[in-house]
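Please read the structure below before turning to the comments.
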Amino acid sequence: MVFLDFKKQGGLVPAIVQDSKTGEVLMLAYMNEQAFEETVRTMRACYYSRSRKTLWRKGEQSGNVQLVKEIRIDCDNDTVLLKVEQVGGAACHLGYRSCFFRRLENGSLVIDGVKIFDPEEVYGS
């Protein structure tokens, strides 16, 4: 099953993740072909960790899994949009609902997101 052009960007495609009900952008991650195929097969979000160089099944440690409700592919076949149900409330590994929990205001970053959990309690130090 090849719907995406994984060769264009060195084997990875960006995956934009959006709450299926509210439209809120929760995060941006990357997928390789294996992560995409697992996501399609299981309808649970799976990504490729660029830092660990391995598959990353969202929520494996935290329990904050993403149940995929819809998969969309952009016109260039090099970006995925996942519309998900965010189980557990937090998409961000820092404990926030969205990875985009800060906004730029008057030259400073202001936190305006909701913190759902303490990452030290979930992941350890």
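If you're wondering about the labels, chains in the structure tokens are A, B, ... by order shown, residues count from 1 in each chain, ligands from 1 in order shown.
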
(request) Show which residues sit within 12 Å of Gln9 of chain A, as a ChimeraX atom specification. Count only C-alpha atoms, and ignore same-chain residues fewer than 3 positions away. (result) /A:4-6,12-14,30-33,76-79

Those selected residues, please, written with C-alpha atoms and delivered as a compact mmCIF listing (two decimals), in the first residue's frame.
```txt
# COMPACT_ATOMS: atom_id res chain seq x y z
CA LEU A 4 2.67 8.58 -0.09
CA ASP A 5 5.93 9.61 -1.71
CA PHE A 6 8.40 8.62 1.00
CA LEU A 12 9.81 10.45 6.06
CA VAL A 13 6.63 12.47 5.67
CA PRO A 14 5.20 15.01 8.13
CA TYR A 30 6.89 12.16 11.13
CA MET A 31 6.05 8.82 9.59
CA ASN A 32 8.09 6.39 7.58
CA GLU A 33 6.34 3.83 5.40
CA ASP A 76 1.70 16.29 -3.41
CA ASN A 77 1.40 12.90 -1.64
CA ASP A 78 4.04 13.94 0.89
CA THR A 79 2.07 14.98 3.98
```

Near segment 94-107 of chain A, counting only C-alpha atoms, which residues have an atom at most 6 Å away, once you skip same-chain residues fewer than 3 positions from it, shown as a PDB file with all heavy atoms, in the first residue's frame?
```
ATOM      1  N   LEU A  26      -3.066  19.214  17.350  1.00  0.00           N
ATOM      2  CA  LEU A  26      -2.480  18.645  18.558  1.00  0.00           C
ATOM      3  C   LEU A  26      -0.968  18.512  18.467  1.00  0.00           C
ATOM      4  O   LEU A  26      -0.268  18.724  19.459  1.00  0.00           O
ATOM      5  CB  LEU A  26      -3.096  17.275  18.841  1.00  0.00           C
ATOM      6  CG  LEU A  26      -4.609  17.268  19.084  1.00  0.00           C
ATOM      7  CD1 LEU A  26      -5.118  15.852  19.216  1.00  0.00           C
ATOM      8  CD2 LEU A  26      -4.952  18.099  20.306  1.00  0.00           C
ATOM      9  N   MET A  27      -0.463  18.150  17.304  1.00  0.00           N
ATOM     10  CA  MET A  27       0.976  17.923  17.180  1.00  0.00           C
ATOM     11  C   MET A  27       1.377  17.743  15.726  1.00  0.00           C
ATOM     12  O   MET A  27       0.529  17.622  14.841  1.00  0.00           O
ATOM     13  CB  MET A  27       1.409  16.693  17.991  1.00  0.00           C
ATOM     14  CG  MET A  27       0.695  15.415  17.596  1.00  0.00           C
ATOM     15  SD  MET A  27       1.141  13.989  18.598  1.00  0.00           S
ATOM     16  CE  MET A  27       2.616  13.434  17.767  1.00  0.00           C
ATOM     17  N   GLY A  89      -6.428  12.720  26.910  1.00  0.00           N
ATOM     18  CA  GLY A  89      -6.445  14.172  26.946  1.00  0.00           C
ATOM     19  C   GLY A  89      -5.198  14.903  26.529  1.00  0.00           C
ATOM     20  O   GLY A  89      -5.255  16.067  26.185  1.00  0.00           O
ATOM     21  N   ALA A  90      -4.021  14.272  26.564  1.00  0.00           N
ATOM     22  CA  ALA A  90      -2.781  14.994  26.273  1.00  0.00           C
ATOM     23  C   ALA A  90      -2.068  14.393  25.063  1.00  0.00           C
ATOM     24  O   ALA A  90      -1.815  13.195  25.017  1.00  0.00           O
ATOM     25  CB  ALA A  90      -1.847  14.969  27.474  1.00  0.00           C
ATOM     26  N   ALA A  91      -1.726  15.240  24.114  1.00  0.00           N
ATOM     27  CA  ALA A  91      -0.940  14.808  22.955  1.00  0.00           C
ATOM     28  C   ALA A  91       0.548  15.098  23.163  1.00  0.00           C
ATOM     29  O   ALA A  91       1.401  14.435  22.599  1.00  0.00           O
ATOM     30  CB  ALA A  91      -1.427  15.516  21.689  1.00  0.00           C
ATOM     31  N   VAL A 110       4.097  32.887  25.605  1.00  0.00           N
ATOM     32  CA  VAL A 110       3.140  32.831  26.699  1.00  0.00           C
ATOM     33  C   VAL A 110       2.489  31.456  26.674  1.00  0.00           C
ATOM     34  O   VAL A 110       1.986  31.022  25.642  1.00  0.00           O
ATOM     35  CB  VAL A 110       2.058  33.929  26.536  1.00  0.00           C
ATOM     36  CG1 VAL A 110       1.002  33.817  27.613  1.00  0.00           C
ATOM     37  CG2 VAL A 110       2.687  35.304  26.504  1.00  0.00           C
ATOM     38  N   ILE A 111       2.503  30.765  27.813  1.00  0.00           N
ATOM     39  CA  ILE A 111       1.837  29.470  27.907  1.00  0.00           C
ATOM     40  C   ILE A 111       0.348  29.717  28.095  1.00  0.00           C
ATOM     41  O   ILE A 111      -0.065  30.396  29.035  1.00  0.00           O
ATOM     42  CB  ILE A 111       2.402  28.642  29.078  1.00  0.00           C
ATOM     43  CG1 ILE A 111       3.861  28.280  28.799  1.00  0.00           C
ATOM     44  CG2 ILE A 111       1.559  27.383  29.303  1.00  0.00           C
ATOM     45  CD1 ILE A 111       4.554  27.566  29.932  1.00  0.00           C
ATOM     46  N   ASP A 112      -0.440  29.153  27.162  1.00  0.00           N
ATOM     47  CA  ASP A 112      -1.887  29.286  27.295  1.00  0.00           C
ATOM     48  C   ASP A 112      -2.593  27.946  27.125  1.00  0.00           C
ATOM     49  O   ASP A 112      -3.804  27.892  27.015  1.00  0.00           O
ATOM     50  CB  ASP A 112      -2.448  30.332  26.329  1.00  0.00           C
ATOM     51  CG  ASP A 112      -2.349  29.914  24.875  1.00  0.00           C
ATOM     52  OD1 ASP A 112      -1.717  28.876  24.584  1.00  0.00           O
ATOM     53  OD2 ASP A 112      -2.897  30.627  24.022  1.00  0.00           O
ATOM     54  N   GLY A 113      -1.808  26.866  27.153  1.00  0.00           N
ATOM     55  CA  GLY A 113      -2.377  25.538  27.009  1.00  0.00           C
ATOM     56  C   GLY A 113      -2.724  24.920  28.343  1.00  0.00           C
ATOM     57  O   GLY A 113      -2.309  25.397  29.398  1.00  0.00           O
ATOM     58  N   VAL A 114      -3.470  23.847  28.271  1.00  0.00           N
ATOM     59  CA  VAL A 114      -3.904  23.123  29.460  1.00  0.00           C
ATOM     60  C   VAL A 114      -2.942  21.972  29.708  1.00  0.00           C
ATOM     61  O   VAL A 114      -2.734  21.129  28.837  1.00  0.00           O
ATOM     62  CB  VAL A 114      -5.341  22.577  29.261  1.00  0.00           C
ATOM     63  CG1 VAL A 114      -5.780  21.748  30.450  1.00  0.00           C
ATOM     64  CG2 VAL A 114      -6.305  23.718  29.003  1.00  0.00           C
ATOM     65  N   LYS A 115      -2.343  21.936  30.909  1.00  0.00           N
ATOM     66  CA  LYS A 115      -1.453  20.833  31.281  1.00  0.00           C
ATOM     67  C   LYS A 115      -2.307  19.724  31.878  1.00  0.00           C
ATOM     68  O   LYS A 115      -3.061  19.943  32.829  1.00  0.00           O
ATOM     69  CB  LYS A 115      -0.386  21.297  32.262  1.00  0.00           C
ATOM     70  CG  LYS A 115       0.734  20.298  32.392  1.00  0.00           C
ATOM     71  CD  LYS A 115       1.998  20.950  32.909  1.00  0.00           C
ATOM     72  CE  LYS A 115       3.160  20.011  32.696  1.00  0.00           C
ATOM     73  NZ  LYS A 115       4.417  20.613  33.064  1.00  0.00           N
ATOM     74  N   ILE A 116      -2.183  18.528  31.314  1.00  0.00           N
ATOM     75  CA  ILE A 116      -3.004  17.388  31.703  1.00  0.00           C
ATOM     76  C   ILE A 116      -2.277  16.490  32.704  1.00  0.00           C
ATOM     77  O   ILE A 116      -2.890  15.931  33.599  1.00  0.00           O
ATOM     78  CB  ILE A 116      -3.402  16.554  30.461  1.00  0.00           C
ATOM     79  CG1 ILE A 116      -4.041  17.422  29.385  1.00  0.00           C
ATOM     80  CG2 ILE A 116      -4.280  15.379  30.830  1.00  0.00           C
ATOM     81  CD1 ILE A 116      -5.361  18.032  29.728  1.00  0.00           C
ATOM     82  N   PHE A 117      -0.955  16.330  32.513  1.00  0.00           N
ATOM     83  CA  PHE A 117      -0.201  15.456  33.410  1.00  0.00           C
ATOM     84  C   PHE A 117       1.216  15.976  33.600  1.00  0.00           C
ATOM     85  O   PHE A 117       1.695  16.813  32.851  1.00  0.00           O
ATOM     86  CB  PHE A 117      -0.190  14.006  32.897  1.00  0.00           C
ATOM     87  CG  PHE A 117       0.620  13.789  31.638  1.00  0.00           C
ATOM     88  CD1 PHE A 117       1.990  13.530  31.697  1.00  0.00           C
ATOM     89  CD2 PHE A 117       0.013  13.800  30.397  1.00  0.00           C
ATOM     90  CE1 PHE A 117       2.726  13.309  30.544  1.00  0.00           C
ATOM     91  CE2 PHE A 117       0.739  13.588  29.229  1.00  0.00           C
ATOM     92  CZ  PHE A 117       2.105  13.345  29.305  1.00  0.00           C
ATOM     93  N   ASP A 118       1.866  15.466  34.659  1.00  0.00           N
ATOM     94  CA  ASP A 118       3.251  15.793  34.956  1.00  0.00           C
ATOM     95  C   ASP A 118       4.142  14.768  34.264  1.00  0.00           C
ATOM     96  O   ASP A 118       4.067  13.566  34.596  1.00  0.00           O
ATOM     97  CB  ASP A 118       3.479  15.765  36.474  1.00  0.00           C
ATOM     98  CG  ASP A 118       4.902  16.093  36.864  1.00  0.00           C
ATOM     99  OD1 ASP A 118       5.794  16.184  35.992  1.00  0.00           O
ATOM    100  OD2 ASP A 118       5.134  16.267  38.070  1.00  0.00           O
ATOM    101  N   PRO A 119       4.976  15.199  33.307  1.00  0.00           N
ATOM    102  CA  PRO A 119       5.783  14.233  32.569  1.00  0.00           C
ATOM    103  C   PRO A 119       6.764  13.426  33.441  1.00  0.00           C
ATOM    104  O   PRO A 119       7.054  12.283  33.135  1.00  0.00           O
ATOM    105  CB  PRO A 119       6.547  15.084  31.548  1.00  0.00           C
ATOM    106  CG  PRO A 119       6.231  16.493  31.843  1.00  0.00           C
ATOM    107  CD  PRO A 119       5.147  16.541  32.840  1.00  0.00           C
TER     108      PRO A 119
END
```

(request) Excluding segment 44-46 of chain A and residues on its chain fewer than 6 positions from it, collect all residues at most 12 Å away from it, counting only C-alpha atoms, and give them as a PyMOL selection string. (result) chain A and resi 15-18+27-38+54-60+64-71+80-87+91

Could you pull out the strand (DSSP E or B) residues of chain A from DSSP and send them as a short mmCIF file (atom, residue, chain, number, x, y, z; two decimals) with N, CA and C atoms, in the first residue's frame?
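Heads up, here's the output in result27.cif:
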```
data_model
loop_
_atom_site.label_atom_id
_atom_site.label_comp_id
_atom_site.auth_asym_id
_atom_site.auth_seq_id
_atom_site.Cartn_x
_atom_site.Cartn_y
_atom_site.Cartn_z
N VAL A 13 7.62 11.45 6.02
CA VAL A 13 6.63 12.47 5.67
C VAL A 13 6.11 13.09 6.95
N PRO A 14 5.81 14.39 6.94
CA PRO A 14 5.20 15.01 8.13
C PRO A 14 3.77 14.52 8.31
N ALA A 15 3.40 14.38 9.57
CA ALA A 15 2.03 13.99 9.91
C ALA A 15 1.46 15.06 10.85
N ILE A 16 0.49 15.78 10.36
CA ILE A 16 -0.20 16.78 11.17
C ILE A 16 -1.33 16.04 11.89
N VAL A 17 -1.46 16.29 13.19
CA VAL A 17 -2.45 15.57 13.98
C VAL A 17 -3.45 16.58 14.54
N GLN A 18 -4.72 16.29 14.28
CA GLN A 18 -5.79 17.23 14.61
C GLN A 18 -6.89 16.48 15.37
N ASP A 19 -7.48 17.14 16.37
CA ASP A 19 -8.60 16.57 17.08
C ASP A 19 -9.77 16.44 16.10
N VAL A 25 -5.26 21.63 16.39
CA VAL A 25 -4.02 20.97 15.98
C VAL A 25 -3.31 20.52 17.25
N LEU A 26 -3.07 19.21 17.35
CA LEU A 26 -2.48 18.64 18.56
C LEU A 26 -0.97 18.51 18.47
N MET A 27 -0.46 18.15 17.30
CA MET A 27 0.98 17.92 17.18
C MET A 27 1.38 17.74 15.73
N LEU A 28 2.68 17.73 15.52
CA LEU A 28 3.28 17.39 14.24
C LEU A 28 4.31 16.32 14.52
N ALA A 29 4.27 15.26 13.75
CA ALA A 29 5.24 14.18 13.90
C ALA A 29 5.66 13.74 12.50
N TYR A 30 6.44 12.69 12.43
CA TYR A 30 6.89 12.16 11.13
C TYR A 30 6.57 10.69 11.06
N MET A 31 6.33 10.23 9.84
CA MET A 31 6.05 8.82 9.59
C MET A 31 6.99 8.32 8.51
N ARG A 44 -4.57 3.23 15.05
CA ARG A 44 -3.95 3.88 16.20
C ARG A 44 -2.68 4.53 15.67
N CYS A 46 0.84 5.78 14.87
CA CYS A 46 2.21 5.29 15.01
C CYS A 46 3.09 6.22 14.19
N TYR A 47 4.20 6.63 14.77
CA TYR A 47 5.09 7.59 14.11
C TYR A 47 6.50 7.03 14.07
N TYR A 48 7.38 7.78 13.42
CA TYR A 48 8.80 7.44 13.42
C TYR A 48 9.53 8.48 14.26
N SER A 49 10.24 8.02 15.27
CA SER A 49 11.02 8.92 16.12
C SER A 49 12.35 9.20 15.44
N THR A 54 13.44 4.90 15.52
CA THR A 54 12.61 3.72 15.66
C THR A 54 11.14 4.12 15.61
N LEU A 55 10.27 3.13 15.47
CA LEU A 55 8.83 3.41 15.50
C LEU A 55 8.43 3.87 16.89
N TRP A 56 7.47 4.76 16.91
CA TRP A 56 6.97 5.33 18.15
C TRP A 56 5.45 5.21 18.10
N ARG A 57 4.93 4.31 18.91
CA ARG A 57 3.49 4.10 18.99
C ARG A 57 2.94 5.06 20.03
N GLN A 66 -3.75 7.80 20.38
CA GLN A 66 -4.55 8.51 19.40
C GLN A 66 -5.28 7.50 18.53
N LEU A 67 -6.60 7.50 18.63
CA LEU A 67 -7.43 6.64 17.80
C LEU A 67 -7.75 7.40 16.52
N VAL A 68 -7.32 6.86 15.41
CA VAL A 68 -7.45 7.55 14.13
C VAL A 68 -8.87 7.40 13.60
N LYS A 69 -9.48 8.54 13.32
CA LYS A 69 -10.85 8.58 12.79
C LYS A 69 -10.86 8.83 11.29
N GLU A 70 -9.82 9.53 10.80
CA GLU A 70 -9.76 9.86 9.38
C GLU A 70 -8.31 10.11 9.00
N ILE A 71 -7.94 9.66 7.80
CA ILE A 71 -6.60 9.90 7.26
C ILE A 71 -6.76 10.65 5.94
N ARG A 72 -6.06 11.77 5.83
CA ARG A 72 -6.09 12.56 4.60
C ARG A 72 -4.66 12.72 4.09
N ILE A 73 -4.52 12.74 2.79
CA ILE A 73 -3.22 12.88 2.12
C ILE A 73 -3.26 14.16 1.30
N VAL A 80 0.69 13.85 5.62
CA VAL A 80 -0.48 13.16 6.14
C VAL A 80 -1.18 14.07 7.15
N LEU A 81 -2.49 14.05 7.12
CA LEU A 81 -3.29 14.69 8.16
C LEU A 81 -4.08 13.59 8.84
N LEU A 82 -3.84 13.43 10.14
CA LEU A 82 -4.61 12.46 10.93
C LEU A 82 -5.62 13.21 11.77
N LYS A 83 -6.86 12.82 11.66
CA LYS A 83 -7.89 13.34 12.55
C LYS A 83 -8.12 12.25 13.58
N VAL A 84 -7.91 12.60 14.86
CA VAL A 84 -7.86 11.58 15.90
C VAL A 84 -8.77 11.91 17.07
N GLU A 85 -9.05 10.85 17.83
CA GLU A 85 -9.62 11.01 19.17
C GLU A 85 -8.43 10.87 20.11
N GLN A 86 -8.14 11.91 20.85
CA GLN A 86 -7.00 11.91 21.76
C GLN A 86 -7.44 11.31 23.10
N TYR A 96 0.91 18.63 28.03
CA TYR A 96 -0.15 19.53 27.57
C TYR A 96 -1.08 18.83 26.59
N ARG A 102 2.03 27.18 23.49
CA ARG A 102 2.59 28.52 23.69
C ARG A 102 2.25 29.38 22.49
N ARG A 103 2.05 30.67 22.75
CA ARG A 103 1.83 31.61 21.64
C ARG A 103 2.82 32.75 21.81
N LEU A 104 3.22 33.31 20.69
CA LEU A 104 4.13 34.45 20.68
C LEU A 104 3.31 35.71 20.88
N GLU A 105 3.65 36.46 21.93
CA GLU A 105 2.91 37.68 22.24
C GLU A 105 3.91 38.75 22.68
N SER A 108 7.44 37.59 23.38
CA SER A 108 7.64 36.57 24.41
C SER A 108 6.70 35.39 24.15
N LEU A 109 7.12 34.22 24.62
CA LEU A 109 6.25 33.06 24.56
C LEU A 109 5.39 33.01 25.82
N VAL A 110 4.10 32.89 25.61
CA VAL A 110 3.14 32.83 26.70
C VAL A 110 2.49 31.46 26.67
N ILE A 111 2.50 30.77 27.81
CA ILE A 111 1.84 29.47 27.91
C ILE A 111 0.35 29.72 28.10
N LYS A 115 -2.34 21.94 30.91
CA LYS A 115 -1.45 20.83 31.28
C LYS A 115 -2.31 19.72 31.88
#
```

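Between Gly63 of chain A and the residues A:Lys8, A:His93, A:Arg41, A:Arg50, the shortest atom-to-atom distance, using only C-alpha atoms, involves A:His93.
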